[in-house]
file entry10.pdb (PDB, C-alpha atoms)
ATOM      1  CA  MET A 985     -37.109  -0.391 -11.419
ATOM      2  CA  THR A 986     -36.993  -3.967 -12.690
ATOM      3  CA  PRO A 987     -40.157  -5.911 -11.814
ATOM      4  CA  GLY A 988     -39.508  -8.214  -8.866
ATOM      5  CA  THR A 989     -36.531  -6.215  -7.595
ATOM      6  CA  ALA A 990     -36.653  -5.390  -3.877
ATOM      7  CA  THR A 991     -36.826  -1.718  -2.954
ATOM      8  CA  SER A 992     -35.126  -2.083   0.427
ATOM      9  CA  ALA A 993     -33.201  -4.634   2.464
ATOM     10  CA  THR A 994     -32.245  -4.966   6.134
ATOM     11  CA  LEU A 995     -29.245  -6.897   7.442
ATOM     12  CA  THR A 996     -27.989  -7.421  10.984
ATOM     13  CA  ASP A 997     -24.483  -8.200  12.191
ATOM     14  CA  LEU A 998     -22.801  -8.815  15.537
ATOM     15  CA  ILE A 999     -19.749  -6.712  14.481
ATOM     16  CA  ASP A1000     -17.285  -9.405  15.530
ATOM     17  CA  PRO A1001     -14.000  -7.678  16.503
ATOM     18  CA  ALA A1002     -12.025 -10.652  15.153
ATOM     19  CA  ARG A1003     -12.931  -9.633  11.606
ATOM     20  CA  ALA A1004     -11.689  -6.089  12.161
ATOM     21  CA  ARG A1005      -8.443  -7.430  13.641
ATOM     22  CA  ALA A1006      -7.992  -9.712  10.630
ATOM     23  CA  PHE A1007      -8.266  -6.678   8.374
ATOM     24  CA  GLN A1008      -5.754  -4.792  10.506
ATOM     25  CA  VAL A1009      -3.318  -7.697  10.131
ATOM     26  CA  ALA A1010      -3.892  -7.821   6.357
ATOM     27  CA  MET A1011      -3.059  -4.101   6.176
ATOM     28  CA  GLY A1012       0.064  -4.418   8.304
ATOM     29  CA  LEU A1013      -1.554  -2.552  11.208
ATOM     30  CA  THR A1014      -1.488  -3.409  14.906
ATOM     31  CA  PRO A1015      -4.467  -5.723  15.607
ATOM     32  CA  ASP A1016      -5.843  -3.884  18.632
ATOM     33  CA  ILE A1017      -9.641  -3.886  18.128
ATOM     34  CA  GLU A1018     -11.506  -5.703  20.917
ATOM     35  CA  THR A1019     -15.107  -5.885  22.099
ATOM     36  CA  GLY A1020     -16.085  -2.340  23.036
ATOM     37  CA  SER A1021     -13.516  -0.702  20.743
ATOM     38  CA  THR A1022     -14.545   2.104  18.428
ATOM     39  CA  LEU A1023     -14.264   0.967  14.799
ATOM     40  CA  PRO A1024     -12.244   3.167  12.431
ATOM     41  CA  PRO A1025     -14.256   4.846   9.657
ATOM     42  CA  PHE A1026     -15.430   2.604   6.797
ATOM     43  CA  TYR A1027     -14.720  -0.612   8.668
ATOM     44  CA  HIS A1028     -18.437  -1.370   8.339
ATOM     45  CA  GLN A1029     -17.492  -2.626   4.845
ATOM     46  CA  LEU A1030     -16.247  -5.759   6.598
ATOM     47  CA  TYR A1031     -19.712  -6.558   7.935
ATOM     48  CA  PHE A1032     -23.323  -7.133   6.845
ATOM     49  CA  TRP A1033     -22.555  -9.960   4.439
ATOM     50  CA  SER A1034     -25.364 -11.104   2.149
ATOM     51  CA  PRO A1035     -24.175 -14.427   0.660
ATOM     52  CA  GLU A1036     -25.994 -15.998  -2.260
ATOM     53  CA  PRO A1037     -25.722 -19.593  -3.559
ATOM     54  CA  PRO A1038     -23.725 -20.206  -6.757
ATOM     55  CA  GLY A1039     -26.865 -20.393  -8.881
ATOM     56  CA  SER A1040     -27.790 -16.824  -7.901
ATOM     57  CA  LEU A1041     -24.501 -15.271  -9.000
ATOM     58  CA  GLY A1042     -23.793 -13.431 -12.239
ATOM     59  CA  ARG A1043     -20.805 -14.115 -14.472
ATOM     60  CA  ASP A1044     -18.746 -11.548 -12.525
ATOM     61  CA  GLY A1045     -19.173 -13.301  -9.173
ATOM     62  CA  HIS A1046     -21.567 -10.707  -7.749
ATOM     63  CA  PRO A1047     -25.157 -11.638  -6.877
ATOM     64  CA  ARG A1048     -27.180 -11.539 -10.084
ATOM     65  CA  VAL A1049     -28.791  -8.135 -10.612
ATOM     66  CA  GLY A1050     -32.548  -7.828 -11.005
ATOM     67  CA  GLU A1051     -33.294 -10.430  -8.331
ATOM     68  CA  GLY A1052     -32.367  -8.513  -5.188
ATOM     69  CA  LEU A1053     -31.873  -4.872  -4.349
ATOM     70  CA  ILE A1054     -29.954  -3.771  -7.462
ATOM     71  CA  PRO A1055     -32.036  -3.493 -10.656
ATOM     72  CA  ASP A1056     -30.877  -5.004 -13.932
ATOM     73  CA  MET A1057     -29.542  -2.099 -16.001
ATOM     74  CA  GLY A1058     -28.966  -4.353 -19.028
ATOM     75  CA  LEU A1059     -25.190  -3.796 -18.909
ATOM     76  CA  PRO A1060     -22.695  -6.460 -17.768
ATOM     77  CA  ARG A1061     -19.681  -4.611 -16.301
ATOM     78  CA  ARG A1062     -19.946  -3.185 -12.792
ATOM     79  CA  MET A1063     -17.702  -0.569 -11.211
ATOM     80  CA  TRP A1064     -17.867   1.235  -7.862
ATOM     81  CA  ALA A1065     -17.722   4.837  -9.094
ATOM     82  CA  GLY A1066     -17.596   6.514  -5.695
ATOM     83  CA  GLY A1067     -19.551   7.356  -2.619
ATOM     84  CA  ARG A1068     -20.106   9.677   0.292
ATOM     85  CA  LEU A1069     -20.526   9.117   3.995
ATOM     86  CA  SER A1070     -21.923  11.002   6.949
ATOM     87  CA  PHE A1071     -20.671   9.863  10.366
ATOM     88  CA  ASP A1072     -22.932  10.541  13.362
ATOM     89  CA  LEU A1073     -21.769   8.065  15.989
ATOM     90  CA  PRO A1074     -18.938   5.515  15.977
ATOM     91  CA  LEU A1075     -19.725   1.852  15.527
ATOM     92  CA  ILE A1076     -18.678  -0.248  18.516
ATOM     93  CA  ALA A1077     -17.130  -3.679  18.011
ATOM     94  CA  GLY A1078     -18.935  -6.602  19.601
ATOM     95  CA  ARG A1079     -22.410  -5.053  19.633
ATOM     96  CA  PRO A1080     -25.247  -5.961  17.233
ATOM     97  CA  ALA A1081     -25.932  -3.449  14.461
ATOM     98  CA  GLU A1082     -28.477  -3.118  11.662
ATOM     99  CA  LYS A1083     -28.020  -1.876   8.101
ATOM    100  CA  VAL A1084     -31.035  -0.645   6.139
ATOM    101  CA  SER A1085     -30.400  -0.287   2.401
ATOM    102  CA  GLU A1086     -32.460   1.109  -0.442
ATOM    103  CA  VAL A1087     -32.049   2.089  -4.083
ATOM    104  CA  GLU A1088     -32.129   5.868  -4.141
ATOM    105  CA  GLN A1089     -31.638   6.280  -7.884
ATOM    106  CA  ALA A1090     -31.299   4.172 -11.040
ATOM    107  CA  GLN A1091     -30.944   5.766 -14.459
ATOM    108  CA  HIS A1092     -29.407   5.305 -17.904
ATOM    109  CA  LYS A1093     -27.079   7.776 -19.593
ATOM    110  CA  THR A1094     -24.813   7.825 -22.632
ATOM    111  CA  GLY A1095     -21.104   8.578 -22.287
ATOM    112  CA  ARG A1096     -18.075   8.643 -24.580
ATOM    113  CA  SER A1097     -17.781   4.878 -24.327
ATOM    114  CA  GLY A1098     -21.476   4.181 -24.949
ATOM    115  CA  PRO A1099     -24.501   3.454 -22.738
ATOM    116  CA  LEU A1100     -24.062   3.615 -18.969
ATOM    117  CA  GLY A1101     -26.270   2.620 -16.066
ATOM    118  CA  PHE A1102     -25.992   4.499 -12.772
ATOM    119  CA  VAL A1103     -27.313   3.129  -9.486
ATOM    120  CA  THR A1104     -27.100   4.917  -6.131
ATOM    121  CA  LEU A1105     -27.627   2.855  -2.994
ATOM    122  CA  ARG A1106     -28.226   4.387   0.421
ATOM    123  CA  HIS A1107     -27.223   2.521   3.560
ATOM    124  CA  ASP A1108     -28.162   3.627   7.089
ATOM    125  CA  ILE A1109     -26.443   1.781   9.913
ATOM    126  CA  TYR A1110     -27.917   1.702  13.417
ATOM    127  CA  GLN A1111     -26.581   0.438  16.711
ATOM    128  CA  ASP A1112     -28.428   0.479  20.038
ATOM    129  CA  GLY A1113     -31.347   2.117  18.201
ATOM    130  CA  LYS A1114     -29.276   5.128  17.117
ATOM    131  CA  LEU A1115     -28.132   6.119  13.629
ATOM    132  CA  CYS A1116     -24.358   5.754  13.447
ATOM    133  CA  LEU A1117     -23.663   6.526   9.804
ATOM    134  CA  SER A1118     -25.226   6.963   6.389
ATOM    135  CA  GLU A1119     -23.503   5.929   3.174
ATOM    136  CA  TRP A1120     -24.363   6.612  -0.458
ATOM    137  CA  GLN A1121     -22.758   4.112  -2.822
ATOM    138  CA  ASP A1122     -22.554   5.020  -6.527
ATOM    139  CA  LEU A1123     -22.313   2.122  -8.972
ATOM    140  CA  VAL A1124     -21.896   2.345 -12.738
ATOM    141  CA  TYR A1125     -22.662  -0.400 -15.257
ATOM    142  CA  ARG A1126     -21.065  -0.485 -18.719
ATOM    143  CA  GLU A1127     -20.952  -2.532 -21.907
ATOM    144  CA  ASP A1128     -18.322  -5.205 -22.428
ATOM    145  CA  ALA A1129     -14.868  -3.891 -23.258
ATOM    146  CA  ASP A1130     -14.004  -3.443 -26.937
ATOM    147  CA  PRO A1131     -10.462  -4.847 -27.457
ATOM    148  CA  THR A1132     -10.058  -2.735 -30.611
ATOM    149  CA  ALA A1133     -10.961   0.567 -28.926
ATOM    150  CA  ASP A1134      -8.364   3.138 -27.945
ATOM    151  CA  PRO A1135      -7.445   3.199 -24.246
ATOM    152  CA  ALA A1136      -9.697   5.380 -22.129
ATOM    153  CA  PRO A1137      -8.219   8.835 -21.515
ATOM    154  CA  THR A1138      -6.809   9.500 -18.061
ATOM    155  CA  ILE A1139      -6.517  12.620 -15.911
ATOM    156  CA  ALA A1140      -3.169  13.818 -14.571
ATOM    157  CA  ALA A1141      -3.160  13.853 -10.774
ATOM    158  CA  ARG A1142      -2.001  16.779  -8.686
ATOM    159  CA  THR A1143       1.610  16.811  -7.513
ATOM    160  CA  ASP A1144       1.414  19.555  -4.854
ATOM    161  CA  GLU A1145       0.708  17.310  -1.874
ATOM    162  CA  THR A1146       1.911  18.192   1.613
ATOM    163  CA  ASP A1147       1.548  14.573   2.776
ATOM    164  CA  ARG A1148       2.154  11.410   0.802
ATOM    165  CA  ARG A1149       2.124   7.714   1.607
ATOM    166  CA  ASP A1150       3.015   5.028  -0.947
ATOM    167  CA  MET A1151       1.525   1.557  -0.913
ATOM    168  CA  ASP A1152       1.645  -1.654  -2.940
ATOM    169  CA  PHE A1153      -1.317  -3.987  -3.444
ATOM    170  CA  ASP A1154      -0.329  -7.589  -4.146
ATOM    171  CA  THR A1155      -2.632 -10.476  -5.010
ATOM    172  CA  THR A1156      -2.655 -11.720  -1.409
ATOM    173  CA  LEU A1157      -3.991  -8.415  -0.068
ATOM    174  CA  LEU A1158      -6.641  -8.257  -2.800
ATOM    175  CA  PHE A1159      -7.745 -11.809  -1.981
ATOM    176  CA  ARG A1160      -7.879 -11.107   1.757
ATOM    177  CA  TYR A1161      -9.891  -7.921   1.299
ATOM    178  CA  SER A1162     -12.308  -9.708  -1.039
ATOM    179  CA  ALA A1163     -12.719 -12.449   1.576
ATOM    180  CA  LEU A1164     -13.160 -10.097   4.533
ATOM    181  CA  THR A1165     -15.798  -8.045   2.690
ATOM    182  CA  PHE A1166     -17.364 -11.110   1.014
ATOM    183  CA  ASN A1167     -16.858  -9.389  -2.344
ATOM    184  CA  GLY A1168     -17.020 -12.007  -5.092
ATOM    185  CA  HIS A1169     -16.223  -9.636  -7.980
ATOM    186  CA  ARG A1170     -13.780 -11.608 -10.125
ATOM    187  CA  ILE A1171     -11.840  -8.557 -11.349
ATOM    188  CA  HIS A1172     -10.090  -8.561  -7.962
ATOM    189  CA  TYR A1173      -8.797 -12.161  -7.906
ATOM    190  CA  ASP A1174      -9.339 -13.859 -11.307
ATOM    191  CA  LEU A1175      -6.638 -12.515 -13.620
ATOM    192  CA  ASP A1176      -7.880 -14.312 -16.734
ATOM    193  CA  TYR A1177     -11.387 -12.952 -16.247
ATOM    194  CA  ALA A1178     -10.159  -9.422 -15.462
ATOM    195  CA  ARG A1179      -7.989  -9.377 -18.580
ATOM    196  CA  ASP A1180      -9.937 -11.409 -21.137
ATOM    197  CA  THR A1181     -13.550 -10.578 -20.236
ATOM    198  CA  GLU A1182     -13.414  -7.107 -18.679
ATOM    199  CA  GLY A1183     -10.391  -5.791 -20.574
ATOM    200  CA  TYR A1184      -8.150  -4.759 -17.669
ATOM    201  CA  GLY A1185      -4.366  -5.020 -17.754
ATOM    202  CA  GLY A1186      -4.304  -6.830 -14.423
ATOM    203  CA  LEU A1187      -6.288  -7.395 -11.275
ATOM    204  CA  VAL A1188      -8.167  -4.286 -10.153
ATOM    205  CA  VAL A1189      -7.573  -2.899  -6.670
ATOM    206  CA  HIS A1190     -10.929  -2.455  -4.931
ATOM    207  CA  GLY A1191     -12.196   1.113  -5.046
ATOM    208  CA  PRO A1192     -13.418   0.833  -1.429
ATOM    209  CA  LEU A1193      -9.958  -0.346  -0.371
ATOM    210  CA  LEU A1194      -8.386   2.783  -1.869
ATOM    211  CA  ALA A1195     -11.065   4.876  -0.159
ATOM    212  CA  GLN A1196     -10.388   3.047   3.111
ATOM    213  CA  VAL A1197      -6.694   3.943   2.995
ATOM    214  CA  LEU A1198      -7.579   7.573   2.263
ATOM    215  CA  MET A1199     -10.025   7.670   5.198
ATOM    216  CA  LEU A1200      -7.490   6.239   7.633
ATOM    217  CA  MET A1201      -4.934   8.737   6.365
ATOM    218  CA  ALA A1202      -7.375  11.620   6.738
ATOM    219  CA  GLN A1203      -8.338  10.614  10.267
ATOM    220  CA  ASP A1204      -4.686  10.255  11.221
ATOM    221  CA  LEU A1205      -3.670  13.654   9.814
ATOM    222  CA  ILE A1206      -6.830  15.753  10.208
ATOM    223  CA  GLY A1207      -8.891  14.195  12.992
ATOM    224  CA  PRO A1208     -12.193  12.322  13.452
ATOM    225  CA  LEU A1209     -14.290  12.445  10.293
ATOM    226  CA  ARG A1210     -17.810  13.896  10.068
ATOM    227  CA  ARG A1211     -18.145  13.488   6.312
ATOM    228  CA  PHE A1212     -16.136  11.901   3.537
ATOM    229  CA  SER A1213     -16.750  11.676  -0.218
ATOM    230  CA  PHE A1214     -14.710   9.994  -2.923
ATOM    231  CA  ARG A1215     -14.808   9.537  -6.674
ATOM    232  CA  ALA A1216     -12.929   6.951  -8.750
ATOM    233  CA  SER A1217     -11.480   8.168 -12.037
ATOM    234  CA  SER A1218      -9.114   5.398 -13.220
ATOM    235  CA  PRO A1219      -8.587   1.806 -12.020
ATOM    236  CA  LEU A1220      -5.407   0.924 -10.144
ATOM    237  CA  LEU A1221      -3.920  -2.481 -10.977
ATOM    238  CA  HIS A1222      -2.263  -4.926  -8.610
ATOM    239  CA  THR A1223       1.103  -4.439 -10.320
ATOM    240  CA  GLU A1224       1.146  -0.699  -9.592
ATOM    241  CA  ARG A1225       2.311   1.298  -6.575
ATOM    242  CA  ALA A1226      -0.135   3.955  -5.458
ATOM    243  CA  SER A1227       0.652   7.316  -3.871
ATOM    244  CA  PHE A1228      -1.929   8.513  -1.337
ATOM    245  CA  CYS A1229      -1.746  12.288  -1.181
ATOM    246  CA  ARG A1230      -3.232  15.136   0.844
ATOM    247  CA  VAL A1231      -3.489  18.919   0.934
ATOM    248  CA  GLY A1232      -5.768  20.190   3.686
ATOM    249  CA  GLU A1233      -9.075  18.311   3.435
ATOM    250  CA  THR A1234      -8.474  17.245  -0.181
ATOM    251  CA  LEU A1235      -7.012  13.792  -0.826
ATOM    252  CA  TRP A1236      -6.246  11.753  -3.917
ATOM    253  CA  VAL A1237      -4.628   8.563  -5.218
ATOM    254  CA  ARG A1238      -1.964   8.886  -7.913
ATOM    255  CA  GLY A1239      -0.812   5.992 -10.065
ATOM    256  CA  PRO A1240       2.854   5.347 -10.889
ATOM    257  CA  ASP A1241       2.424   7.012 -14.292
ATOM    258  CA  GLY A1242       1.028  10.160 -12.698
ATOM    259  CA  ARG A1243      -2.617   9.491 -13.507
ATOM    260  CA  GLN A1244      -5.423  10.286 -11.083
ATOM    261  CA  CYS A1245      -7.092   7.142  -9.745
ATOM    262  CA  MET A1246      -9.318   8.612  -7.040
ATOM    263  CA  THR A1247     -10.142  11.973  -5.456
ATOM    264  CA  ALA A1248     -11.695  12.567  -2.054
ATOM    265  CA  THR A1249     -12.787  15.265   0.368
ATOM    266  CA  ALA A1250     -12.765  14.897   4.140
ATOM    267  CA  GLU A1251     -14.657  17.007   6.669
ATOM    268  CA  THR A1252     -13.877  16.904  10.374
TER     269      THR A1252
END

call {"tool": "encode", "arguments": {"input": "entry10.pdb", "output": "C-alpha cells"}}
result
Amino acid sequence: MTPGTATSATLTDLIDPARARAFQVAMGLTPDIETGSTLPPFYHQLYFWSPEPPGSLGRDGHPRVGEGLIPDMGLPRRMWAGGRLSFDLPLIAGRPAEKVSEVEQAQHKTGRSGPLGFVTLRHDIYQDGKLCLSEWQDLVYREDADPTADPAPTIAARTDETDRRDMDFDTTLLFRYSALTFNGHRIHYDLDYARDTEGYGGLVVHGPLLAQVLMLMAQDLIGPLRRFSFRASSPLLHTERASFCRVGETLWVRGPDGRQCMTATAET
C-alpha cells in the first residue's frame, strides 16, 4: 500500500429519488421512483459521490491515486475490469444510507501487453443499520497505449442466446451517465483524450453502464437478484450498437463485429 493512502472510507447519502428518476429518463424508462420505492439493482452507483477539487484530479479526470483510498500502482490507464455483488436487502429511495469502502487487494502482474496493476475494492452499503448489499469492484491499471502495437486480440461472443436486446449509446447518454454517477473519467466524454492519449477508437461506454443494463435485463427475465458478477473483456465504443444476450443465468454483451465485450452471471 502506498504510504499515506487511506485503508477505508465511509460516505453517507440521502438516496434522493430524483437522481434515480433522472437516470430512468436518460435510459428511456418510465420515471416512477419516489420516496419509499425500492431501487433497482446497481442503482447505488448513482449515489455516494466523493468530489475532489481540480487540483486533486489526475490527468484522466479521476481523483489522483495514492492520495485517497486507491493506491498508486505506477500505471496511468485505469479500466473497470469487472465486479461482483451480493444483494441482501433492497435499498429504499429517500432514506439515508452509508457506504463503507476498503481496499481488499492491490497487486502487480505482467500480461501480454506489459505490466498491470490490479486493485479490488469492497463496498458495504447499509440502511437503517442493516447491510443491504456488498460489492467487489475490480480495477486494472495499464501502461500508456503504444500506437505502433498490433490491436489487442478479441474473443468471439456466443450466438446461442434465447433473449436479446439491442441498444445504442450516444454521446448524450454517456455524458448523462457520467454526470449522474459523478464519474470524471475522460474516456467517456473527451473524444480527443480517449483517442490520442488512451488509444481508443472512440468514446468508451462505461463498463458499469453495460453491467447495469445486464442486471435490469436479468431481473426482468429471471427475477430478483441475490448475486451478480460480471467481467469486461473488450471496450464498447459510442459508435457501436451492443447486443445484450441471455441463456438461463448467463448473460453477455456482444459488439457489432461479434466480439465479446462483457460476460455476466446472475443468481436469483

call {"tool": "resolve_selection", "arguments": {"input": "entry10.pdb", "expression": "the PyMOL selection byres ((chain A and resi 1196) around 12)", "output": "ChimeraX atom specification"}}
result
/A:1007-1008,1011,1024-1030,1066-1067,1069,1161,1189-1195,1197-1203,1212-1214,1228,1235-1237,1246,1248

call {"tool": "closest_atom_pairs", "arguments": {"input": "entry10.pdb", "of": "segment 1114-1169 of chain A", "to": "segment 1071-1077 of chain A", "cutoff": "7 Å", "atoms": "only C-alpha atoms", "output": "tab-separated table"}}
result
residue	atom	partner	partner_atom	distance
A:Leu1115	CA	A:Asp1072	CA	6.8
A:Cys1116	CA	A:Leu1073	CA	4.3
A:Leu1117	CA	A:Phe1071	CA	4.5
A:Ser1118	CA	A:Phe1071	CA	6.7

call {"tool": "resolve_selection", "arguments": {"input": "entry10.pdb", "expression": "the PyMOL selection byres ((chain A and resi 1128) around 7)", "output": "PyMOL selection string"}}
result
chain A and resi 1060-1061+1126-1127+1129-1130+1182

call {"tool": "resolve_selection", "arguments": {"input": "entry10.pdb", "expression": "the PyMOL selection byres ((chain A and resi 1106) around 7)", "output": "MDAnalysis selection string"}}
result
chainID A and resid 1085:1088 1104:1105 1107:1108 1119:1121

call {"tool": "residues_near_point", "arguments": {"input": "entry10.pdb", "point": "(-23.0, -5.9, -17.0)", "cutoff": "10 Å", "atoms": "all atoms listed in the file", "output": "ChimeraX atom specification"}}
result
/A:1042-1044,1048-1049,1056-1063,1100-1101,1124-1128,1182
